[in-house]
Amino acid sequence: MDSAKLVNMLLKYKAIKPEQAKKALEVSRQNGKDVIQSLVDLGFISEERLLRIISQAFHVQIAEFPEEDLPEQLIKTIPPDIARKYNVFPYKKKGRLLIVATTDPTNMELIDNLAFLTGYRIGVAITTEKKLKQLINKYYGEESKAAEALKEAEQEANEAEVVEEKEESIESELEVAKDAPVVKYVNALLVDAVRSGASDIHIEPFEKFIRVRFRIDGTLHELPRPPLRWKHGIIARIKILSKLDIAERRLPQDGHIKLRLKEGGKEKVIDFRVSTLPVKHGEKAVLRILDKSNLTLDLQKLGFEKEALEKFMYAISRPYGIVLVTGPTGSGKTTTLYSALSILNKPDVNIMTAEDPVEYDFPGLNQVQIREEIGLTFAAALRSFLRQDPDIIMVGEIRDEETASIAVKAALTGHLVLSTLHTNDAPSTITRLIDMGIPPYLVADSLVLIQAQRLVRKLCPKCKKPYKPSEKELKSIGLDPKDLEGKKVYKKGDGCDVCRGSGYKGREGIYEVMLITPEIREMILERRPISEIREKAREQGMLTLREAAILKFLKGITSLEEVIARTMEG
């Protein structure tokens, strides 16, 4: 609200004295608080009288909130980020009219923006800034620690000025990195990322701003931008924590950070895998969050269909052979392999793993960190494993012919080998191995099972909406309206506090599991086309990734959009 207009109105009503008006405006300018709140805080006028006068002057009602919890349907009319950005809160809803509580009933731009963003006609009710903050924190959650740290530094930051590009000294970087606001911000960022369920933190420097994003459920979400002058300080602070060379800005570096976090009276340690990369306007940092407490090692909970799980369990219980898990980065391959190893990890079994990097530390597994710069490659580790009397070998990834060849030989000499490969689906993995130089007869003899997988986002259980897809929509994924009989499907909701306004909460796996049966083994030996092998596997009960995703849709777990986005036809 226009400060001068409000103060003049109160003077006209003789609600405050001129000297009080002057003091309130001065305090408001100093601390950035709303004038209404400053007048109340200084004791110049009671909250009740102030609101009563504004209500009469502008012909708006006073927002009076009940003690009991407000309806969920009302709360989710305004997403959390909108409520915080515009400092508003939903008060009442009558049909298509949404009445919002605000400190400024005269702000027509706010009303227009809210009408556009929410799709409702907007009415206003008056309340205080203090009450608004209480309601927003209660129903949408407290502001993140990183946001609080940023607010504390807002007075010092001056992002509007033109910054001259210049090389900063190491001493200067160290000075900024040890500056209290930067230290507080980086610490808060790590904690916020863990509590938000993020898998990665991205810190990206550009010419006129720094972008910070969390990857949550596979999607990047941007955070409030820190001051540009912190650009080198944030990266330097992360390098200090991860014991990297602050002076080296020309080459990529890798390190890790350990964070001790107390939650619910318990202390847990979270590892962050840190990667820095020189870019045009500084250094980009990506921190992968390795929170073992969030790692699901129960195969039953990963999203397998019953028959697919039975095939996978059969394969990993075999005494020898190769089990391959394929898919792009971020498709959950590591989780699947660790889940299998957690079942196989017994006192009478010798398990050896070669990983790059070792993401999680598991007692009972002999884990080896690959270090190619000193010659400790996957192939070198595998050769050494065979002299260590292993029963089960896990290779993080088969990248070349040498590694593939040793893995095949290990499988044919009585070892169970688990590994990953980057292919689009299960049948095309056969072509990939042959292209690497492995003869078809060795591929056929050594393979036990190939599993392709992806992760689909799960619809938020709180705000997902039931709906009836059109015939055209169903046709796009190969379904008929009859397939929906007796089933209730859903689409993404408007977003709520549970899903941070995204409409999705969590992810679940979809799996294409191809068991190498005698018929498929014969087809590999005959070098039959992959399309024929795929059809034979489907005849024998294999679900394609698209079919597995459709089942999740029909069960109300995911949306039709996710099915299309995460899988190809077939």
# chains A, B, ... in the order shown; residues from 1 in each chain; ligands from 1

call {"tool": "residues_around", "arguments": {"residues": "Ile216 of chain A", "least_positions_apart": "2", "cutoff": "6 Å", "atoms": "only C-alpha atoms", "output": "ChimeraX atom specification"}}
result
/A:198,218-219

call {"tool": "residues_around", "arguments": {"residues": "Gly303 of chain A", "least_positions_apart": "2", "cutoff": "7 Å", "atoms": "only C-alpha atoms", "output": "compact mmCIF listing (two decimals) with N, CA and C atoms, in the first residue's frame"}}
result
# COMPACT_ATOMS: atom_id res chain seq x y z
N GLN A 300 10.87 -55.41 -3.62
CA GLN A 300 9.41 -55.39 -3.66
C GLN A 300 8.87 -53.96 -3.76
N LYS A 301 9.65 -52.98 -3.28
CA LYS A 301 9.17 -51.59 -3.24
C LYS A 301 9.66 -50.74 -4.40
N GLU A 305 6.66 -55.38 -11.56
CA GLU A 305 5.45 -56.19 -11.68
C GLU A 305 5.80 -57.61 -11.21
N GLU A 508 8.97 -44.00 -9.28
CA GLU A 508 8.89 -45.46 -9.20
C GLU A 508 9.45 -46.04 -10.49
N GLY A 509 10.03 -47.23 -10.39
CA GLY A 509 10.66 -47.85 -11.55
C GLY A 509 9.67 -48.55 -12.47
N ILE A 510 9.99 -48.53 -13.76
CA ILE A 510 9.30 -49.39 -14.74
C ILE A 510 10.38 -50.27 -15.35

call {"tool": "select_by_dssp", "arguments": {"residues": "segment 272-405 of chain A", "states": "helix (DSSP H, G or I)", "output": "compact mmCIF listing (two decimals) with all heavy atoms, in the first residue's frame"}}
result
# COMPACT_ATOMS: atom_id res chain seq x y z
N LYS A 292 22.04 -42.42 2.35
CA LYS A 292 21.76 -43.86 2.44
C LYS A 292 20.40 -44.14 3.07
O LYS A 292 19.77 -45.15 2.78
CB LYS A 292 22.88 -44.54 3.25
CG LYS A 292 22.90 -46.06 3.10
CD LYS A 292 24.11 -46.66 3.80
CE LYS A 292 24.10 -48.18 3.70
NZ LYS A 292 25.24 -48.78 4.40
N SER A 293 19.92 -43.23 3.94
CA SER A 293 18.63 -43.45 4.60
C SER A 293 17.48 -43.40 3.59
O SER A 293 16.39 -43.91 3.84
CB SER A 293 18.40 -42.39 5.69
OG SER A 293 18.31 -41.10 5.13
N ASN A 294 17.69 -42.76 2.42
CA ASN A 294 16.66 -42.69 1.39
C ASN A 294 16.77 -43.80 0.36
O ASN A 294 15.97 -43.88 -0.56
CB ASN A 294 16.72 -41.33 0.66
CG ASN A 294 16.19 -40.20 1.51
OD1 ASN A 294 15.46 -40.43 2.47
ND2 ASN A 294 16.57 -38.99 1.19
N LEU A 299 13.53 -54.91 -3.14
CA LEU A 299 13.10 -55.05 -4.53
C LEU A 299 11.58 -54.98 -4.67
O LEU A 299 11.05 -54.53 -5.69
CB LEU A 299 13.61 -56.37 -5.11
CG LEU A 299 15.10 -56.42 -5.47
CD1 LEU A 299 15.53 -57.84 -5.78
CD2 LEU A 299 15.40 -55.53 -6.66
N GLN A 300 10.87 -55.41 -3.62
CA GLN A 300 9.41 -55.39 -3.66
C GLN A 300 8.87 -53.96 -3.76
O GLN A 300 7.77 -53.74 -4.25
CB GLN A 300 8.84 -56.04 -2.37
CG GLN A 300 9.35 -57.43 -2.07
CD GLN A 300 8.58 -58.51 -2.82
OE1 GLN A 300 7.60 -58.23 -3.47
NE2 GLN A 300 9.04 -59.75 -2.74
N LYS A 301 9.65 -52.98 -3.28
CA LYS A 301 9.17 -51.59 -3.24
C LYS A 301 9.66 -50.74 -4.40
O LYS A 301 9.36 -49.56 -4.48
CB LYS A 301 9.61 -50.94 -1.92
CG LYS A 301 8.97 -51.58 -0.68
CD LYS A 301 9.49 -50.93 0.58
CE LYS A 301 8.88 -51.57 1.83
NZ LYS A 301 9.44 -51.01 3.07
N LYS A 306 4.81 -58.35 -10.78
CA LYS A 306 5.04 -59.65 -10.14
C LYS A 306 5.89 -60.59 -10.99
O LYS A 306 6.89 -61.15 -10.53
CB LYS A 306 3.70 -60.30 -9.80
CG LYS A 306 3.86 -61.60 -9.01
CD LYS A 306 2.53 -62.25 -8.74
CE LYS A 306 2.73 -63.59 -8.02
NZ LYS A 306 1.45 -64.32 -7.86
N GLU A 307 5.51 -60.78 -12.26
CA GLU A 307 6.24 -61.72 -13.11
C GLU A 307 7.66 -61.25 -13.39
O GLU A 307 8.61 -62.04 -13.41
CB GLU A 307 5.48 -61.90 -14.43
CG GLU A 307 6.02 -63.05 -15.26
CD GLU A 307 5.21 -63.29 -16.53
OE1 GLU A 307 4.03 -62.88 -16.59
OE2 GLU A 307 5.78 -63.88 -17.47
N ALA A 308 7.83 -59.93 -13.57
CA ALA A 308 9.17 -59.37 -13.82
C ALA A 308 10.07 -59.59 -12.62
O ALA A 308 11.26 -59.93 -12.77
CB ALA A 308 9.05 -57.89 -14.14
N LEU A 309 9.53 -59.40 -11.42
CA LEU A 309 10.32 -59.60 -10.20
C LEU A 309 10.74 -61.06 -10.05
O LEU A 309 11.88 -61.37 -9.66
CB LEU A 309 9.53 -59.13 -8.97
CG LEU A 309 10.24 -59.28 -7.62
CD1 LEU A 309 11.56 -58.50 -7.60
CD2 LEU A 309 9.33 -58.81 -6.48
N GLU A 310 9.83 -61.96 -10.36
CA GLU A 310 10.15 -63.40 -10.27
C GLU A 310 11.31 -63.76 -11.20
O GLU A 310 12.21 -64.53 -10.84
CB GLU A 310 8.90 -64.23 -10.62
CG GLU A 310 7.84 -64.21 -9.52
CD GLU A 310 6.54 -64.88 -9.94
OE1 GLU A 310 6.44 -65.29 -11.13
OE2 GLU A 310 5.63 -64.99 -9.10
N LYS A 311 11.29 -63.20 -12.41
CA LYS A 311 12.37 -63.46 -13.38
C LYS A 311 13.70 -62.90 -12.87
O LYS A 311 14.74 -63.56 -12.97
CB LYS A 311 12.03 -62.83 -14.73
CG LYS A 311 10.94 -63.55 -15.49
CD LYS A 311 10.65 -62.83 -16.80
CE LYS A 311 9.55 -63.52 -17.58
NZ LYS A 311 9.21 -62.80 -18.83
N PHE A 312 13.66 -61.69 -12.32
CA PHE A 312 14.89 -61.06 -11.83
C PHE A 312 15.45 -61.84 -10.64
O PHE A 312 16.67 -62.08 -10.56
CB PHE A 312 14.61 -59.61 -11.42
CG PHE A 312 15.85 -58.83 -11.05
CD1 PHE A 312 16.75 -58.41 -12.02
CD2 PHE A 312 16.13 -58.55 -9.72
CE1 PHE A 312 17.89 -57.70 -11.68
CE2 PHE A 312 17.27 -57.84 -9.36
CZ PHE A 312 18.16 -57.42 -10.35
N MET A 313 14.58 -62.27 -9.73
CA MET A 313 15.02 -63.05 -8.56
C MET A 313 15.62 -64.39 -8.99
O MET A 313 16.62 -64.84 -8.43
CB MET A 313 13.84 -63.28 -7.60
CG MET A 313 13.35 -62.02 -6.90
SD MET A 313 14.59 -61.29 -5.81
CE MET A 313 14.67 -62.54 -4.53
N TYR A 314 15.01 -65.00 -10.00
CA TYR A 314 15.56 -66.27 -10.53
C TYR A 314 16.97 -66.04 -11.06
O TYR A 314 17.89 -66.82 -10.80
CB TYR A 314 14.63 -66.80 -11.63
CG TYR A 314 15.28 -67.85 -12.50
CD1 TYR A 314 15.45 -69.16 -12.05
CD2 TYR A 314 15.75 -67.53 -13.78
CE1 TYR A 314 16.07 -70.12 -12.85
CE2 TYR A 314 16.36 -68.49 -14.59
CZ TYR A 314 16.52 -69.78 -14.11
OH TYR A 314 17.14 -70.74 -14.89
N ALA A 315 17.16 -64.94 -11.81
CA ALA A 315 18.47 -64.68 -12.45
C ALA A 315 19.56 -64.44 -11.43
O ALA A 315 20.67 -64.97 -11.56
CB ALA A 315 18.34 -63.48 -13.38
N ILE A 316 19.28 -63.64 -10.37
CA ILE A 316 20.34 -63.33 -9.40
C ILE A 316 20.59 -64.49 -8.43
O ILE A 316 21.58 -64.46 -7.69
CB ILE A 316 20.04 -62.03 -8.61
CG1 ILE A 316 18.80 -62.19 -7.74
CG2 ILE A 316 19.93 -60.84 -9.55
CD1 ILE A 316 18.58 -61.02 -6.78
N LYS A 333 19.63 -47.61 -12.02
CA LYS A 333 20.37 -48.86 -12.20
C LYS A 333 21.17 -49.23 -10.96
O LYS A 333 21.17 -50.39 -10.52
CB LYS A 333 21.33 -48.76 -13.41
CG LYS A 333 20.67 -48.44 -14.73
CD LYS A 333 21.63 -48.54 -15.89
CE LYS A 333 22.77 -47.55 -15.81
NZ LYS A 333 22.34 -46.14 -15.92
N THR A 334 21.85 -48.23 -10.37
CA THR A 334 22.68 -48.49 -9.18
C THR A 334 21.83 -49.00 -8.02
O THR A 334 22.21 -49.94 -7.32
CB THR A 334 23.42 -47.20 -8.75
OG1 THR A 334 24.24 -46.76 -9.83
CG2 THR A 334 24.30 -47.45 -7.54
N THR A 335 20.65 -48.40 -7.85
CA THR A 335 19.75 -48.84 -6.77
C THR A 335 19.33 -50.29 -6.98
O THR A 335 19.29 -51.08 -6.03
CB THR A 335 18.50 -47.94 -6.72
OG1 THR A 335 18.92 -46.60 -6.47
CG2 THR A 335 17.55 -48.38 -5.62
N THR A 336 19.03 -50.65 -8.23
CA THR A 336 18.63 -52.04 -8.52
C THR A 336 19.76 -53.01 -8.19
O THR A 336 19.53 -54.06 -7.57
CB THR A 336 18.23 -52.18 -10.00
OG1 THR A 336 17.14 -51.30 -10.28
CG2 THR A 336 17.82 -53.60 -10.33
N LEU A 337 21.00 -52.66 -8.60
CA LEU A 337 22.13 -53.55 -8.33
C LEU A 337 22.42 -53.68 -6.84
O LEU A 337 22.67 -54.78 -6.34
CB LEU A 337 23.38 -53.05 -9.07
CG LEU A 337 23.37 -53.20 -10.60
CD1 LEU A 337 24.64 -52.62 -11.19
CD2 LEU A 337 23.23 -54.68 -11.00
N TYR A 338 22.38 -52.56 -6.12
CA TYR A 338 22.60 -52.61 -4.67
C TYR A 338 21.50 -53.43 -3.98
O TYR A 338 21.76 -54.13 -3.00
CB TYR A 338 22.63 -51.20 -4.08
CG TYR A 338 23.97 -50.50 -4.18
CD1 TYR A 338 24.05 -49.14 -4.48
CD2 TYR A 338 25.17 -51.18 -3.96
CE1 TYR A 338 25.27 -48.48 -4.57
CE2 TYR A 338 26.39 -50.54 -4.05
CZ TYR A 338 26.44 -49.19 -4.36
OH TYR A 338 27.65 -48.56 -4.45
N SER A 339 20.27 -53.33 -4.49
CA SER A 339 19.17 -54.10 -3.91
C SER A 339 19.41 -55.59 -4.10
O SER A 339 19.17 -56.39 -3.18
CB SER A 339 17.84 -53.71 -4.57
OG SER A 339 17.56 -52.35 -4.36
N ALA A 340 19.91 -55.95 -5.29
CA ALA A 340 20.22 -57.36 -5.55
C ALA A 340 21.35 -57.83 -4.64
O ALA A 340 21.28 -58.93 -4.06
CB ALA A 340 20.61 -57.53 -7.02
N LEU A 341 22.39 -57.00 -4.51
CA LEU A 341 23.53 -57.38 -3.65
C LEU A 341 23.13 -57.48 -2.19
O LEU A 341 23.68 -58.31 -1.45
CB LEU A 341 24.67 -56.37 -3.83
CG LEU A 341 25.37 -56.38 -5.18
CD1 LEU A 341 26.43 -55.28 -5.25
CD2 LEU A 341 26.01 -57.74 -5.47
N SER A 342 22.18 -56.65 -1.75
CA SER A 342 21.76 -56.72 -0.35
C SER A 342 21.08 -58.06 -0.05
O SER A 342 21.13 -58.57 1.08
CB SER A 342 20.81 -55.56 -0.01
OG SER A 342 19.56 -55.72 -0.64
N ILE A 343 20.44 -58.64 -1.06
CA ILE A 343 19.82 -59.97 -0.90
C ILE A 343 20.90 -61.05 -0.91
O ILE A 343 20.85 -62.01 -0.14
CB ILE A 343 18.80 -60.23 -2.05
CG1 ILE A 343 17.61 -59.26 -1.93
CG2 ILE A 343 18.32 -61.67 -2.04
CD1 ILE A 343 16.69 -59.27 -3.13
N LEU A 344 21.89 -60.88 -1.78
CA LEU A 344 22.95 -61.90 -1.93
C LEU A 344 24.04 -61.81 -0.87
O LEU A 344 24.84 -62.74 -0.72
CB LEU A 344 23.59 -61.75 -3.31
CG LEU A 344 22.63 -61.89 -4.52
CD1 LEU A 344 23.34 -61.48 -5.80
CD2 LEU A 344 22.12 -63.33 -4.63
N GLU A 372 41.13 -44.49 -12.94
CA GLU A 372 41.73 -44.68 -14.26
C GLU A 372 43.06 -43.95 -14.42
O GLU A 372 43.93 -44.38 -15.19
CB GLU A 372 40.74 -44.23 -15.35
CG GLU A 372 39.52 -45.14 -15.43
CD GLU A 372 38.68 -44.90 -16.67
OE1 GLU A 372 39.01 -43.95 -17.41
OE2 GLU A 372 37.72 -45.66 -16.88
N GLU A 373 43.24 -42.84 -13.67
CA GLU A 373 44.47 -42.05 -13.82
C GLU A 373 45.72 -42.82 -13.37
O GLU A 373 46.84 -42.49 -13.77
CB GLU A 373 44.36 -40.72 -13.05
CG GLU A 373 44.35 -40.82 -11.54
CD GLU A 373 42.97 -41.09 -10.94
OE1 GLU A 373 42.04 -41.45 -11.70
OE2 GLU A 373 42.83 -40.94 -9.72
N ILE A 374 45.51 -43.86 -12.54
CA ILE A 374 46.66 -44.67 -12.11
C ILE A 374 46.59 -46.09 -12.68
O ILE A 374 47.29 -47.00 -12.23
CB ILE A 374 46.77 -44.72 -10.56
CG1 ILE A 374 45.52 -45.33 -9.92
CG2 ILE A 374 47.05 -43.34 -9.99
CD1 ILE A 374 45.67 -45.66 -8.45
N PHE A 378 38.15 -50.64 -14.90
CA PHE A 378 37.22 -51.75 -14.64
C PHE A 378 37.85 -53.07 -15.06
O PHE A 378 37.74 -54.07 -14.35
CB PHE A 378 35.91 -51.53 -15.41
CG PHE A 378 34.97 -50.56 -14.75
CD1 PHE A 378 34.63 -49.36 -15.37
CD2 PHE A 378 34.41 -50.83 -13.51
CE1 PHE A 378 33.77 -48.46 -14.77
CE2 PHE A 378 33.55 -49.94 -12.90
CZ PHE A 378 33.22 -48.75 -13.53
N ALA A 379 38.53 -53.08 -16.20
CA ALA A 379 39.15 -54.31 -16.69
C ALA A 379 40.25 -54.78 -15.74
O ALA A 379 40.35 -55.98 -15.42
CB ALA A 379 39.72 -54.08 -18.10
N ALA A 380 41.09 -53.82 -15.27
CA ALA A 380 42.17 -54.19 -14.35
C ALA A 380 41.61 -54.73 -13.04
O ALA A 380 42.12 -55.72 -12.48
CB ALA A 380 43.05 -52.96 -14.08
N ALA A 381 40.55 -54.09 -12.53
CA ALA A 381 39.93 -54.54 -11.28
C ALA A 381 39.35 -55.94 -11.46
O ALA A 381 39.51 -56.82 -10.60
CB ALA A 381 38.83 -53.56 -10.85
N LEU A 382 38.68 -56.18 -12.61
CA LEU A 382 38.08 -57.49 -12.87
C LEU A 382 39.13 -58.59 -12.91
O LEU A 382 38.94 -59.68 -12.36
CB LEU A 382 37.34 -57.44 -14.21
CG LEU A 382 35.82 -57.25 -14.15
CD1 LEU A 382 35.25 -57.14 -15.55
CD2 LEU A 382 35.15 -58.39 -13.42
N ARG A 383 40.26 -58.31 -13.55
CA ARG A 383 41.34 -59.31 -13.62
C ARG A 383 41.83 -59.66 -12.21
O ARG A 383 42.08 -60.83 -11.90
CB ARG A 383 42.51 -58.78 -14.47
CG ARG A 383 42.31 -58.97 -15.97
CD ARG A 383 43.61 -58.78 -16.73
NE ARG A 383 44.08 -57.39 -16.62
CZ ARG A 383 43.76 -56.43 -17.46
NH1 ARG A 383 42.99 -56.70 -18.49
NH2 ARG A 383 44.20 -55.19 -17.29
N SER A 384 41.97 -58.64 -11.36
CA SER A 384 42.42 -58.87 -9.98
C SER A 384 41.37 -59.63 -9.18
O SER A 384 41.70 -60.48 -8.36
CB SER A 384 42.72 -57.54 -9.29
OG SER A 384 43.78 -56.87 -9.93
N PHE A 385 40.09 -59.33 -9.43
CA PHE A 385 39.01 -60.01 -8.72
C PHE A 385 39.08 -61.52 -8.91
O PHE A 385 38.86 -62.30 -7.97
CB PHE A 385 37.64 -59.53 -9.22
CG PHE A 385 37.24 -58.15 -8.73
CD1 PHE A 385 38.06 -57.41 -7.88
CD2 PHE A 385 36.01 -57.60 -9.09
CE1 PHE A 385 37.69 -56.15 -7.44
CE2 PHE A 385 35.63 -56.34 -8.65
CZ PHE A 385 36.47 -55.62 -7.82
N GLU A 401 35.43 -53.27 -24.87
CA GLU A 401 35.53 -54.69 -25.21
C GLU A 401 36.31 -55.47 -24.16
O GLU A 401 35.95 -56.60 -23.82
CB GLU A 401 36.22 -54.84 -26.58
CG GLU A 401 36.34 -56.30 -27.02
CD GLU A 401 37.17 -56.48 -28.27
OE1 GLU A 401 37.54 -55.46 -28.89
OE2 GLU A 401 37.47 -57.64 -28.61
N GLU A 402 37.37 -54.89 -23.62
CA GLU A 402 38.20 -55.59 -22.65
C GLU A 402 37.40 -55.95 -21.40
O GLU A 402 37.43 -57.10 -20.94
CB GLU A 402 39.42 -54.73 -22.27
CG GLU A 402 40.42 -55.48 -21.40
CD GLU A 402 41.61 -54.62 -21.00
OE1 GLU A 402 41.57 -53.39 -21.23
OE2 GLU A 402 42.57 -55.18 -20.43
N THR A 403 36.65 -54.97 -20.89
CA THR A 403 35.83 -55.23 -19.69
C THR A 403 34.76 -56.27 -20.00
O THR A 403 34.51 -57.19 -19.21
CB THR A 403 35.17 -53.93 -19.20
OG1 THR A 403 36.17 -52.92 -19.05
CG2 THR A 403 34.48 -54.14 -17.86
N ALA A 404 34.10 -56.12 -21.17
CA ALA A 404 33.05 -57.06 -21.55
C ALA A 404 33.61 -58.47 -21.69
O ALA A 404 32.99 -59.45 -21.23
CB ALA A 404 32.42 -56.61 -22.87
N SER A 405 34.79 -58.60 -22.29
CA SER A 405 35.41 -59.91 -22.51
C SER A 405 35.74 -60.60 -21.18
O SER A 405 35.47 -61.80 -21.01
CB SER A 405 36.68 -59.73 -23.35
OG SER A 405 37.30 -60.96 -23.56

call {"tool": "atom_distance", "arguments": {"atom1": "atom CA of Met436 of chain A", "atom2": "atom CA of Asn366 of chain A"}}
result
28.0 Å

call {"tool": "closest_atom_pairs", "arguments": {"of": "segment 389-478 of chain A", "to": "segment 542-560 of chain A", "cutoff": "10 Å", "atoms": "only C-alpha atoms", "output": "CSV"}}
result
residue,atom,partner,partner_atom,distance
A:Asn424,CA,A:Leu545,CA,9.8
A:Asp425,CA,A:Leu545,CA,7.8
A:Ala426,CA,A:Thr544,CA,8.7
A:Ala452,CA,A:Leu545,CA,7.6
A:Gln453,CA,A:Leu545,CA,7.0
A:Arg454,CA,A:Leu545,CA,7.6
A:Leu455,CA,A:Ala549,CA,9.3
A:Val456,CA,A:Thr558,CA,7.1
A:Arg457,CA,A:Thr558,CA,6.4
A:Lys458,CA,A:Thr558,CA,4.8
A:Leu459,CA,A:Thr558,CA,5.2
A:Cys460,CA,A:Ile557,CA,8.8
A:Pro461,CA,A:Ile557,CA,8.8
A:Lys464,CA,A:Gly556,CA,9.3
A:Lys465,CA,A:Gly556,CA,9.9
A:Pro466,CA,A:Gly556,CA,8.7
A:Pro469,CA,A:Leu560,CA,8.7
A:Glu473,CA,A:Leu560,CA,8.2
A:Leu474,CA,A:Leu560,CA,8.5
A:Ser476,CA,A:Leu560,CA,9.5
A:Ile477,CA,A:Ile550,CA,7.7
A:Gly478,CA,A:Ile550,CA,9.2

call {"tool": "residues_around", "arguments": {"residues": "Phe272 of chain A", "least_positions_apart": "3", "cutoff": "8 Å", "atoms": "only C-alpha atoms", "output": "MDAnalysis selection string"}}
result
chainID A and resid 256:259 287:290

call {"tool": "atom_distance", "arguments": {"atom1": "atom CA of Arg249 of chain A", "atom2": "atom CA of Ile201 of chain A"}}
result
19.6 Å

call {"tool": "select_by_dssp", "arguments": {"residues": "segment 230-394 of chain A", "states": "strand (DSSP E)", "output": "count of residues only"}}
result
52

call {"tool": "residues_around", "arguments": {"residues": "Leu39 of chain A", "least_positions_apart": "5", "cutoff": "10 Å", "atoms": "only C-alpha atoms", "output": "number ranges by chain"}}
result
A: 7, 16, 20-21, 23-25, 27-28, 34, 44-47, 50

call {"tool": "residues_around", "arguments": {"residues": "segment 430-434 of chain A", "least_positions_apart": "4", "cutoff": "8 Å", "atoms": "only C-alpha atoms", "output": "list in words"}}
result
Ala404, Thr423, Ala426, Ile438, Pro439, Pro440, Val443, Ile524 and Ile530 of chain A

call {"tool": "write_last_selection", "arguments": {"atoms": "N, CA, C and O atoms", "output": "mmCIF file, in the first residue's frame"}}
result
data_model
loop_
_atom_site.group_PDB
_atom_site.id
_atom_site.type_symbol
_atom_site.label_atom_id
_atom_site.label_comp_id
_atom_site.auth_asym_id
_atom_site.auth_seq_id
_atom_site.Cartn_x
_atom_site.Cartn_y
_atom_site.Cartn_z
ATOM 1 N N ALA A 404 34.103 -56.120 -21.165
ATOM 2 C CA ALA A 404 33.048 -57.059 -21.553
ATOM 3 C C ALA A 404 33.607 -58.472 -21.688
ATOM 4 O O ALA A 404 32.992 -59.452 -21.230
ATOM 5 N N THR A 423 21.945 -48.744 -22.884
ATOM 6 C CA THR A 423 21.177 -49.027 -24.105
ATOM 7 C C THR A 423 19.732 -48.602 -23.869
ATOM 8 O O THR A 423 19.305 -48.419 -22.721
ATOM 9 N N ALA A 426 16.015 -53.627 -23.569
ATOM 10 C CA ALA A 426 16.709 -54.876 -23.237
ATOM 11 C C ALA A 426 17.229 -55.611 -24.472
ATOM 12 O O ALA A 426 18.413 -55.976 -24.518
ATOM 13 N N ILE A 438 32.265 -59.047 -28.779
ATOM 14 C CA ILE A 438 32.014 -60.345 -28.132
ATOM 15 C C ILE A 438 31.305 -61.248 -29.135
ATOM 16 O O ILE A 438 30.233 -60.883 -29.649
ATOM 17 N N PRO A 439 31.841 -62.438 -29.439
ATOM 18 C CA PRO A 439 31.201 -63.345 -30.399
ATOM 19 C C PRO A 439 29.796 -63.736 -29.939
ATOM 20 O O PRO A 439 29.555 -63.904 -28.737
ATOM 21 N N PRO A 440 28.839 -63.897 -30.873
ATOM 22 C CA PRO A 440 27.461 -64.252 -30.508
ATOM 23 C C PRO A 440 27.357 -65.500 -29.631
ATOM 24 O O PRO A 440 26.511 -65.561 -28.730
ATOM 25 N N VAL A 443 28.062 -64.471 -26.102
ATOM 26 C CA VAL A 443 26.929 -63.677 -25.597
ATOM 27 C C VAL A 443 25.800 -64.629 -25.196
ATOM 28 O O VAL A 443 25.232 -64.519 -24.100
ATOM 29 N N ILE A 524 19.996 -65.741 -30.792
ATOM 30 C CA ILE A 524 21.252 -64.971 -30.723
ATOM 31 C C ILE A 524 22.339 -65.676 -31.541
ATOM 32 O O ILE A 524 23.076 -65.038 -32.295
ATOM 33 N N ILE A 530 17.061 -58.037 -34.091
ATOM 34 C CA ILE A 530 16.623 -57.682 -32.736
ATOM 35 C C ILE A 530 15.101 -57.592 -32.656
ATOM 36 O O ILE A 530 14.507 -57.949 -31.642
#

call {"tool": "atom_distance", "arguments": {"atom1": "atom CA of Ser196 of chain A", "atom2": "atom CA of Leu223 of chain A"}}
result
11.9 Å

call {"tool": "closest_residue", "arguments": {"among": "A:Glu48, A:Leu442, A:Ala236, A:Arg215", "to": "Leu525 of chain A", "atoms": "only C-alpha atoms"}}
result
A:Leu442

call {"tool": "residues_around", "arguments": {"residues": "Gly95 of chain A", "least_positions_apart": "6", "cutoff": "12 Å", "atoms": "only C-alpha atoms", "output": "VMD selection string"}}
result
chain A and resid 74 119 to 122

call {"tool": "residues_around", "arguments": {"residues": "Ile370 of chain A", "least_positions_apart": "6", "cutoff": "7 Å", "atoms": "only C-alpha atoms", "output": "PDB file with C-alpha atoms, in the first residue's frame"}}
result
ATOM      1  CA  ALA A 354      34.255 -52.335  -8.978  1.00  0.00           C
ATOM      2  CA  GLU A 355      32.569 -48.914  -8.938  1.00  0.00           C
ATOM      3  CA  ASP A 356      33.167 -45.437 -10.294  1.00  0.00           C
ATOM      4  CA  PRO A 357      32.465 -43.912  -7.886  1.00  0.00           C
ATOM      5  CA  LEU A 376      42.940 -49.061 -12.004  1.00  0.00           C
ATOM      6  CA  THR A 377      40.287 -49.478 -14.694  1.00  0.00           C
ATOM      7  CA  PHE A 378      37.216 -51.745 -14.641  1.00  0.00           C
TER       8      PHE A 378
END
